[in-house]
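K.L.:
Dropping in model_0.pdb, which is PDB, N, CA and C atoms:
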```pdb
ATOM      1  N   MET R  11     -10.484 -19.052  -3.195
ATOM      2  CA  MET R  11      -9.917 -17.995  -2.385
ATOM      3  C   MET R  11     -10.357 -16.644  -2.950
ATOM      4  N   THR R  12     -10.929 -15.815  -2.128
ATOM      5  CA  THR R  12     -11.324 -14.481  -2.562
ATOM      6  C   THR R  12     -10.306 -13.474  -2.052
ATOM      7  N   HIS R  13     -10.065 -12.461  -2.825
ATOM      8  CA  HIS R  13      -9.123 -11.415  -2.454
ATOM      9  C   HIS R  13      -9.872 -10.257  -1.826
ATOM     10  N   GLU R  14      -9.320  -9.718  -0.749
ATOM     11  CA  GLU R  14      -9.927  -8.587  -0.057
ATOM     12  C   GLU R  14      -9.289  -7.257  -0.441
ATOM     13  N   TYR R  15      -8.002  -7.299  -0.837
ATOM     14  CA  TYR R  15      -7.244  -6.082  -1.077
ATOM     15  C   TYR R  15      -6.499  -6.144  -2.403
ATOM     16  N   VAL R  16      -6.231  -4.970  -2.957
ATOM     17  CA  VAL R  16      -5.383  -4.830  -4.137
ATOM     18  C   VAL R  16      -4.240  -3.910  -3.727
ATOM     19  N   LEU R  17      -3.005  -4.364  -3.950
ATOM     20  CA  LEU R  17      -1.831  -3.578  -3.604
ATOM     21  C   LEU R  17      -1.079  -3.236  -4.878
ATOM     22  N   SER R  18      -0.657  -1.987  -4.994
ATOM     23  CA  SER R  18       0.141  -1.593  -6.158
ATOM     24  C   SER R  18       1.315  -0.734  -5.704
ATOM     25  N   LEU R  19       2.393  -0.808  -6.483
ATOM     26  CA  LEU R  19       3.580   0.023  -6.274
ATOM     27  C   LEU R  19       3.706   0.952  -7.465
ATOM     28  N   GLU R  20       4.068   2.196  -7.216
ATOM     29  CA  GLU R  20       4.342   3.115  -8.317
ATOM     30  C   GLU R  20       5.465   4.054  -7.911
ATOM     31  N   GLN R  21       6.231   4.466  -8.888
ATOM     32  CA  GLN R  21       7.289   5.435  -8.628
ATOM     33  C   GLN R  21       6.675   6.821  -8.691
ATOM     34  N   THR R  22       7.037   7.655  -7.730
ATOM     35  CA  THR R  22       6.499   8.999  -7.670
ATOM     36  C   THR R  22       7.528   9.910  -7.005
ATOM     37  N   THR R  23       7.137  11.105  -6.705
ATOM     38  CA  THR R  23       7.997  12.071  -6.030
ATOM     39  C   THR R  23       7.378  12.423  -4.686
ATOM     40  N   ASP R  24       8.182  12.421  -3.650
ATOM     41  CA  ASP R  24       7.693  12.772  -2.323
ATOM     42  C   ASP R  24       7.231  14.233  -2.344
ATOM     43  N   PRO R  25       5.994  14.508  -1.930
ATOM     44  CA  PRO R  25       5.484  15.881  -2.009
ATOM     45  C   PRO R  25       6.222  16.858  -1.089
ATOM     46  N   ASP R  26       6.799  16.365   0.006
ATOM     47  CA  ASP R  26       7.490  17.253   0.941
ATOM     48  C   ASP R  26       8.929  17.546   0.525
ATOM     49  N   SER R  27       9.681  16.496   0.162
ATOM     50  CA  SER R  27      11.106  16.671  -0.117
ATOM     51  C   SER R  27      11.432  16.776  -1.604
ATOM     52  N   GLY R  28      10.529  16.312  -2.470
ATOM     53  CA  GLY R  28      10.799  16.303  -3.899
ATOM     54  C   GLY R  28      11.680  15.136  -4.338
ATOM     55  N   ALA R  29      12.051  14.269  -3.403
ATOM     56  CA  ALA R  29      12.898  13.113  -3.713
ATOM     57  C   ALA R  29      12.069  12.001  -4.350
ATOM     58  N   PRO R  30      12.693  11.198  -5.230
ATOM     59  CA  PRO R  30      11.961  10.067  -5.796
ATOM     60  C   PRO R  30      11.632   9.057  -4.697
ATOM     61  N   CYS R  31      10.472   8.447  -4.795
ATOM     62  CA  CYS R  31      10.054   7.456  -3.807
ATOM     63  C   CYS R  31       9.108   6.448  -4.455
ATOM     64  N   LEU R  32       8.843   5.394  -3.713
ATOM     65  CA  LEU R  32       7.848   4.414  -4.135
ATOM     66  C   LEU R  32       6.586   4.663  -3.326
ATOM     67  N   ARG R  33       5.458   4.666  -3.996
ATOM     68  CA  ARG R  33       4.168   4.795  -3.315
ATOM     69  C   ARG R  33       3.542   3.408  -3.238
ATOM     70  N   VAL R  34       3.226   2.997  -2.017
ATOM     71  CA  VAL R  34       2.505   1.749  -1.790
ATOM     72  C   VAL R  34       1.040   2.139  -1.632
ATOM     73  N   HIS R  35       0.196   1.618  -2.509
ATOM     74  CA  HIS R  35      -1.236   1.950  -2.491
ATOM     75  C   HIS R  35      -2.018   0.667  -2.264
ATOM     76  N   VAL R  36      -2.876   0.675  -1.256
ATOM     77  CA  VAL R  36      -3.714  -0.486  -0.932
ATOM     78  C   VAL R  36      -5.160  -0.030  -0.949
ATOM     79  N   ARG R  37      -6.012  -0.839  -1.578
ATOM     80  CA  ARG R  37      -7.448  -0.552  -1.560
ATOM     81  C   ARG R  37      -8.202  -1.865  -1.379
ATOM     82  N   THR R  38      -9.403  -1.751  -0.858
ATOM     83  CA  THR R  38     -10.242  -2.938  -0.715
ATOM     84  C   THR R  38     -10.917  -3.250  -2.038
ATOM     85  N   VAL R  39     -11.222  -4.505  -2.242
ATOM     86  CA  VAL R  39     -12.008  -4.910  -3.399
ATOM     87  C   VAL R  39     -13.455  -4.473  -3.174
ATOM     88  N   ARG R  40     -13.886  -4.564  -1.948
ATOM     89  CA  ARG R  40     -15.254  -4.198  -1.574
ATOM     90  C   ARG R  40     -15.441  -2.683  -1.654
ATOM     91  N   GLU R  41     -16.564  -2.273  -2.181
ATOM     92  CA  GLU R  41     -16.944  -0.860  -2.239
ATOM     93  C   GLU R  41     -17.886  -0.565  -1.069
ATOM     94  N   PHE R  42     -17.694   0.573  -0.446
ATOM     95  CA  PHE R  42     -18.541   0.978   0.673
ATOM     96  C   PHE R  42     -19.448   2.117   0.221
ATOM     97  N   ALA R  43     -20.693   2.090   0.668
ATOM     98  CA  ALA R  43     -21.682   3.052   0.194
ATOM     99  C   ALA R  43     -21.781   4.295   1.073
ATOM    100  N   SER R  44     -21.363   4.209   2.329
ATOM    101  CA  SER R  44     -21.628   5.313   3.252
ATOM    102  C   SER R  44     -20.459   6.256   3.490
ATOM    103  N   PHE R  45     -19.302   5.714   3.862
ATOM    104  CA  PHE R  45     -18.189   6.562   4.289
ATOM    105  C   PHE R  45     -16.929   6.210   3.516
ATOM    106  N   GLY R  46     -15.993   7.146   3.473
ATOM    107  CA  GLY R  46     -14.689   6.925   2.860
ATOM    108  C   GLY R  46     -13.729   6.337   3.889
ATOM    109  N   TYR R  47     -13.799   5.034   4.105
ATOM    110  CA  TYR R  47     -12.965   4.380   5.101
ATOM    111  C   TYR R  47     -11.498   4.389   4.694
ATOM    112  N   GLY R  48     -10.632   4.327   5.697
ATOM    113  CA  GLY R  48      -9.204   4.161   5.487
ATOM    114  C   GLY R  48      -8.803   2.753   5.880
ATOM    115  N   ILE R  49      -7.549   2.421   5.644
ATOM    116  CA  ILE R  49      -7.006   1.120   6.013
ATOM    117  C   ILE R  49      -5.763   1.373   6.861
ATOM    118  N   GLY R  50      -5.644   0.668   7.977
ATOM    119  CA  GLY R  50      -4.418   0.743   8.762
ATOM    120  C   GLY R  50      -3.277   0.152   7.941
ATOM    121  N   LEU R  51      -2.194   0.895   7.749
ATOM    122  CA  LEU R  51      -1.109   0.450   6.883
ATOM    123  C   LEU R  51       0.234   0.823   7.493
ATOM    124  N   SER R  52       1.133  -0.144   7.539
ATOM    125  CA  SER R  52       2.480   0.080   8.026
ATOM    126  C   SER R  52       3.449  -0.452   6.974
ATOM    127  N   VAL R  53       4.358   0.410   6.507
ATOM    128  CA  VAL R  53       5.339   0.038   5.487
ATOM    129  C   VAL R  53       6.726   0.326   6.035
ATOM    130  N   ALA R  54       7.624  -0.650   5.906
ATOM    131  CA  ALA R  54       8.985  -0.483   6.393
ATOM    132  C   ALA R  54       9.979  -1.043   5.387
ATOM    133  N   ARG R  55      11.125  -0.399   5.282
ATOM    134  CA  ARG R  55      12.228  -0.930   4.478
ATOM    135  C   ARG R  55      12.904  -2.021   5.287
ATOM    136  N   THR R  56      13.265  -3.104   4.641
ATOM    137  CA  THR R  56      14.013  -4.189   5.268
ATOM    138  C   THR R  56      15.276  -4.427   4.451
ATOM    139  N   SER R  57      16.146  -5.285   4.948
ATOM    140  CA  SER R  57      17.363  -5.581   4.194
ATOM    141  C   SER R  57      17.045  -6.276   2.876
ATOM    142  N   ALA R  58      15.910  -6.990   2.813
ATOM    143  CA  ALA R  58      15.524  -7.701   1.587
ATOM    144  C   ALA R  58      14.646  -6.857   0.664
ATOM    145  N   GLY R  59      14.049  -5.777   1.158
ATOM    146  CA  GLY R  59      13.153  -4.968   0.329
ATOM    147  C   GLY R  59      12.172  -4.169   1.160
ATOM    148  N   LEU R  60      10.881  -4.516   1.042
ATOM    149  CA  LEU R  60       9.816  -3.810   1.759
ATOM    150  C   LEU R  60       8.942  -4.790   2.522
ATOM    151  N   SER R  61       8.466  -4.362   3.674
ATOM    152  CA  SER R  61       7.509  -5.118   4.462
ATOM    153  C   SER R  61       6.255  -4.265   4.607
ATOM    154  N   VAL R  62       5.110  -4.826   4.219
ATOM    155  CA  VAL R  62       3.830  -4.110   4.289
ATOM    156  C   VAL R  62       2.894  -4.878   5.220
ATOM    157  N   GLU R  63       2.395  -4.195   6.227
ATOM    158  CA  GLU R  63       1.444  -4.777   7.174
ATOM    159  C   GLU R  63       0.099  -4.083   6.962
ATOM    160  N   ILE R  64      -0.910  -4.855   6.550
ATOM    161  CA  ILE R  64      -2.250  -4.310   6.317
ATOM    162  C   ILE R  64      -3.096  -4.557   7.555
ATOM    163  N   GLY R  65      -3.594  -3.485   8.127
ATOM    164  CA  GLY R  65      -4.422  -3.588   9.327
ATOM    165  C   GLY R  65      -5.901  -3.588   8.967
ATOM    166  N   GLY R  66      -6.714  -3.185   9.905
ATOM    167  CA  GLY R  66      -8.151  -3.170   9.697
ATOM    168  C   GLY R  66      -8.637  -1.853   9.132
ATOM    169  N   LEU R  67      -9.937  -1.763   8.957
ATOM    170  CA  LEU R  67     -10.554  -0.543   8.461
ATOM    171  C   LEU R  67     -10.540   0.528   9.538
ATOM    172  N   GLU R  68     -10.382   1.771   9.102
ATOM    173  CA  GLU R  68     -10.391   2.907  10.015
ATOM    174  C   GLU R  68     -11.525   3.842   9.632
ATOM    175  N   LEU R  69     -12.207   4.353  10.630
ATOM    176  CA  LEU R  69     -13.276   5.310  10.362
ATOM    177  C   LEU R  69     -12.678   6.611   9.860
ATOM    178  N   PRO R  70     -13.372   7.297   8.975
ATOM    179  CA  PRO R  70     -12.858   8.573   8.476
ATOM    180  C   PRO R  70     -12.836   9.613   9.577
ATOM    181  N   ARG R  71     -11.897  10.579   9.471
ATOM    182  CA  ARG R  71     -11.817  11.651  10.476
ATOM    183  C   ARG R  71     -13.035  12.562  10.404
ATOM    184  N   MET R  72     -13.515  12.791   9.192
ATOM    185  CA  MET R  72     -14.724  13.590   8.993
ATOM    186  C   MET R  72     -15.776  12.658   8.405
ATOM    187  N   THR R  73     -16.952  12.714   8.952
ATOM    188  CA  THR R  73     -17.999  11.818   8.482
ATOM    189  C   THR R  73     -18.726  12.438   7.295
ATOM    190  N   MET R  74     -18.018  12.467   6.172
ATOM    191  CA  MET R  74     -18.616  12.971   4.938
ATOM    192  C   MET R  74     -19.157  11.799   4.137
ATOM    193  N   GLN R  75     -20.267  11.995   3.490
ATOM    194  CA  GLN R  75     -20.848  10.971   2.642
ATOM    195  C   GLN R  75     -19.908  10.723   1.465
ATOM    196  N   GLN R  76     -19.413   9.507   1.332
ATOM    197  CA  GLN R  76     -18.505   9.177   0.250
ATOM    198  C   GLN R  76     -18.570   7.680   0.001
ATOM    199  N   SER R  77     -18.708   7.296  -1.239
ATOM    200  CA  SER R  77     -18.737   5.872  -1.555
ATOM    201  C   SER R  77     -17.430   5.484  -2.227
ATOM    202  N   GLY R  78     -17.135   4.185  -2.214
ATOM    203  CA  GLY R  78     -15.935   3.677  -2.865
ATOM    204  C   GLY R  78     -15.186   2.724  -1.960
ATOM    205  N   PRO R  79     -14.011   2.278  -2.405
ATOM    206  CA  PRO R  79     -13.230   1.343  -1.596
ATOM    207  C   PRO R  79     -12.536   2.064  -0.441
ATOM    208  N   ALA R  80     -12.133   1.309   0.571
ATOM    209  CA  ALA R  80     -11.263   1.842   1.612
ATOM    210  C   ALA R  80      -9.856   1.882   1.026
ATOM    211  N   VAL R  81      -9.097   2.925   1.326
ATOM    212  CA  VAL R  81      -7.773   3.087   0.725
ATOM    213  C   VAL R  81      -6.735   3.508   1.760
ATOM    214  N   ALA R  82      -5.467   3.248   1.430
ATOM    215  CA  ALA R  82      -4.333   3.722   2.213
ATOM    216  C   ALA R  82      -3.134   3.834   1.283
ATOM    217  N   THR R  83      -2.297   4.835   1.521
ATOM    218  CA  THR R  83      -1.062   4.980   0.758
ATOM    219  C   THR R  83       0.076   5.324   1.711
ATOM    220  N   ALA R  84       1.273   4.928   1.313
ATOM    221  CA  ALA R  84       2.478   5.266   2.072
ATOM    222  C   ALA R  84       3.620   5.426   1.084
ATOM    223  N   ASN R  85       4.494   6.377   1.334
ATOM    224  CA  ASN R  85       5.672   6.602   0.498
ATOM    225  C   ASN R  85       6.912   6.111   1.227
ATOM    226  N   VAL R  86       7.813   5.445   0.489
ATOM    227  CA  VAL R  86       9.090   5.002   1.032
ATOM    228  C   VAL R  86      10.184   5.340   0.028
ATOM    229  N   ALA R  87      11.387   5.506   0.527
ATOM    230  CA  ALA R  87      12.525   5.806  -0.343
ATOM    231  C   ALA R  87      12.753   4.654  -1.322
ATOM    232  N   VAL R  88      13.187   4.988  -2.513
ATOM    233  CA  VAL R  88      13.455   3.969  -3.534
ATOM    234  C   VAL R  88      14.668   3.150  -3.101
ATOM    235  N   PRO R  89      14.543   1.815  -3.055
ATOM    236  CA  PRO R  89      15.698   0.983  -2.714
ATOM    237  C   PRO R  89      16.765   1.047  -3.810
ATOM    238  N   SER R  90      17.936   0.524  -3.515
ATOM    239  CA  SER R  90      19.026   0.486  -4.496
ATOM    240  C   SER R  90      18.661  -0.435  -5.654
ATOM    241  N   ASP R  91      19.392  -0.320  -6.756
ATOM    242  CA  ASP R  91      19.139  -1.167  -7.929
ATOM    243  C   ASP R  91      19.244  -2.645  -7.560
ATOM    244  N   GLY R  92      18.387  -3.446  -8.159
ATOM    245  CA  GLY R  92      18.388  -4.892  -7.939
ATOM    246  C   GLY R  92      16.985  -5.421  -7.741
ATOM    247  N   THR R  93      16.905  -6.727  -7.512
ATOM    248  CA  THR R  93      15.629  -7.383  -7.247
ATOM    249  C   THR R  93      15.388  -7.384  -5.742
ATOM    250  N   HIS R  94      14.200  -6.955  -5.349
ATOM    251  CA  HIS R  94      13.846  -6.844  -3.937
ATOM    252  C   HIS R  94      12.588  -7.658  -3.645
ATOM    253  N   THR R  95      12.421  -7.998  -2.368
ATOM    254  CA  THR R  95      11.261  -8.754  -1.921
ATOM    255  C   THR R  95      10.238  -7.812  -1.295
ATOM    256  N   LEU R  96       8.987  -8.001  -1.654
ATOM    257  CA  LEU R  96       7.863  -7.287  -1.054
ATOM    258  C   LEU R  96       7.098  -8.310  -0.227
ATOM    259  N   THR R  97       7.144  -8.163   1.091
ATOM    260  CA  THR R  97       6.432  -9.071   1.990
ATOM    261  C   THR R  97       5.165  -8.372   2.466
ATOM    262  N   VAL R  98       4.023  -9.000   2.258
ATOM    263  CA  VAL R  98       2.724  -8.431   2.636
ATOM    264  C   VAL R  98       2.119  -9.320   3.709
ATOM    265  N   ARG R  99       1.706  -8.696   4.829
ATOM    266  CA  ARG R  99       1.088  -9.443   5.931
ATOM    267  C   ARG R  99      -0.287  -8.860   6.238
ATOM    268  N   ARG R 100      -1.202  -9.765   6.532
ATOM    269  CA  ARG R 100      -2.563  -9.393   6.944
ATOM    270  C   ARG R 100      -3.052 -10.458   7.898
ATOM    271  N   LYS R 101      -3.313 -10.108   9.128
ATOM    272  CA  LYS R 101      -3.725 -11.048  10.171
ATOM    273  C   LYS R 101      -2.746 -12.215  10.224
ATOM    274  N   ASP R 102      -3.213 -13.442   9.976
ATOM    275  CA  ASP R 102      -2.357 -14.623  10.054
ATOM    276  C   ASP R 102      -1.804 -15.049   8.706
ATOM    277  N   ALA R 103      -2.036 -14.285   7.662
ATOM    278  CA  ALA R 103      -1.592 -14.661   6.314
ATOM    279  C   ALA R 103      -0.463 -13.740   5.854
ATOM    280  N   SER R 104       0.395 -14.276   4.992
ATOM    281  CA  SER R 104       1.440 -13.449   4.396
ATOM    282  C   SER R 104       1.742 -13.961   2.995
ATOM    283  N   ALA R 105       2.302 -13.086   2.186
ATOM    284  CA  ALA R 105       2.682 -13.437   0.815
ATOM    285  C   ALA R 105       3.943 -12.658   0.476
ATOM    286  N   GLU R 106       4.744 -13.220  -0.432
ATOM    287  CA  GLU R 106       5.955 -12.545  -0.869
ATOM    288  C   GLU R 106       5.949 -12.392  -2.379
ATOM    289  N   PHE R 107       6.426 -11.248  -2.828
ATOM    290  CA  PHE R 107       6.518 -10.921  -4.240
ATOM    291  C   PHE R 107       7.893 -10.319  -4.491
ATOM    292  N   SER R 108       8.283 -10.239  -5.737
ATOM    293  CA  SER R 108       9.542  -9.603  -6.106
ATOM    294  C   SER R 108       9.274  -8.391  -6.977
ATOM    295  N   PHE R 109      10.151  -7.385  -6.855
ATOM    296  CA  PHE R 109      10.083  -6.244  -7.760
ATOM    297  C   PHE R 109      11.507  -5.824  -8.085
ATOM    298  N   LEU R 110      11.672  -5.198  -9.230
ATOM    299  CA  LEU R 110      12.990  -4.845  -9.737
ATOM    300  C   LEU R 110      13.169  -3.329  -9.793
ATOM    301  N   ILE R 111      14.271  -2.857  -9.255
ATOM    302  CA  ILE R 111      14.671  -1.456  -9.385
ATOM    303  C   ILE R 111      15.869  -1.450 -10.337
ATOM    304  N   GLU R 112      15.765  -0.698 -11.411
ATOM    305  CA  GLU R 112      16.841  -0.625 -12.394
ATOM    306  C   GLU R 112      17.092   0.840 -12.751
ATOM    307  N   ASN R 113      18.313   1.274 -12.609
ATOM    308  CA  ASN R 113      18.676   2.680 -12.832
ATOM    309  C   ASN R 113      17.822   3.619 -11.959
ATOM    310  N   GLY R 114      17.558   3.173 -10.725
ATOM    311  CA  GLY R 114      16.794   3.984  -9.783
ATOM    312  C   GLY R 114      15.313   4.068 -10.087
ATOM    313  N   ARG R 115      14.819   3.238 -11.003
ATOM    314  CA  ARG R 115      13.408   3.266 -11.409
ATOM    315  C   ARG R 115      12.754   1.915 -11.170
ATOM    316  N   LEU R 116      11.500   1.940 -10.842
ATOM    317  CA  LEU R 116      10.700   0.726 -10.663
ATOM    318  C   LEU R 116      10.388   0.113 -12.010
TER     319      LEU R 116
END
```
Could the structure of this file be written out as structure tokens, please?
P.N.:
Amino acid sequence: MTHEYVLSLEQTTDPDSGAPCLRVHVRTVREFASFGYGIGLSVARTSAGLSVEIGGLELPRMTMQQSGPAVATANVAVPSDGTHTLTVRRKDASAEFSFLIENGRL
């Protein structure tokens, strides 16, 4: 089985509100030589934790020469303390992971 994407969670601060949040960052394993592609990404809070839907590649808004992986990020509010489920979906496949919030921190 080969992996197409790498997903990471990090605690950060929302640039607009200054509130603590979790940043969901997704990048492709594959590097692209021509354009800085994006990834369609939908992140939602659920009663169990977070649901992440990874879509297809998106063309850049500006066609600037840029190499590297396709990337997408989304910020969500930090869930309450406890163990939460991270559900990741891509086409017909899905996977579940757990993450822990303790004292409001990842």
K.L.:
When you count only N, CA and C atoms, which of these residues is closest to Leu69 of chain R: R:Ala82, R:Leu17, R:Leu51, R:Gly46?
P.N.:
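Among the listed residues, the smallest separation from Leu69 of chain R belongs to R:Gly46.
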K.L.:
Run DSSP on the backbone and tell me which residues of segment 12-114 of chain R come out as strand (DSSP E); list them as a VMD selection string.
P.N.:
chain R and resid 15 to 23 30 to 42 48 to 55 59 to 68 78 to 87 92 to 100 103 to 111
K.L.:
Please evaluate the PyMOL selection byres (((chain R and resi 111 and name CA) around 10) and name CA) against the structure above and give the resulting residues as a PyMOL selection string.
P.N.:
chain R and resi 88-94+109-110+112-116
K.L.:
Given only N, CA and C atoms as the basis, pick out the residue of R:Phe107, R:Tyr47, R:Tyr15, R:Phe42 nearest to Leu67 of chain R.
P.N.:
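So, comparing all the options, the nearest one is R:Tyr47.
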K.L.:
Grab the atom C of Thr22 of chain R to atom CA of Ala54 of chain R distance for me, in Å with one decimal place.
P.N.:
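Atom CA of Ala54 of chain R lies at a distance of 17.0 Å from atom C of Thr22 of chain R.
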K.L.:
Tell me which of R:Val53, R:Val98, R:Ala43, R:Val34 sits closest to Pro79 of chain R, counting all atoms listed in the file.
P.N.:
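Closest to Pro79 of chain R, using all atoms listed in the file: R:Ala43.
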K.L.:
I need the residue nearest Gly59 of chain R from this list: R:Ala87, R:Leu96, R:Ala80, R:Leu19. Use all atoms listed in the file for the distance.
P.N.:
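For Gly59 of chain R, the nearest of the given residues is R:Leu96.
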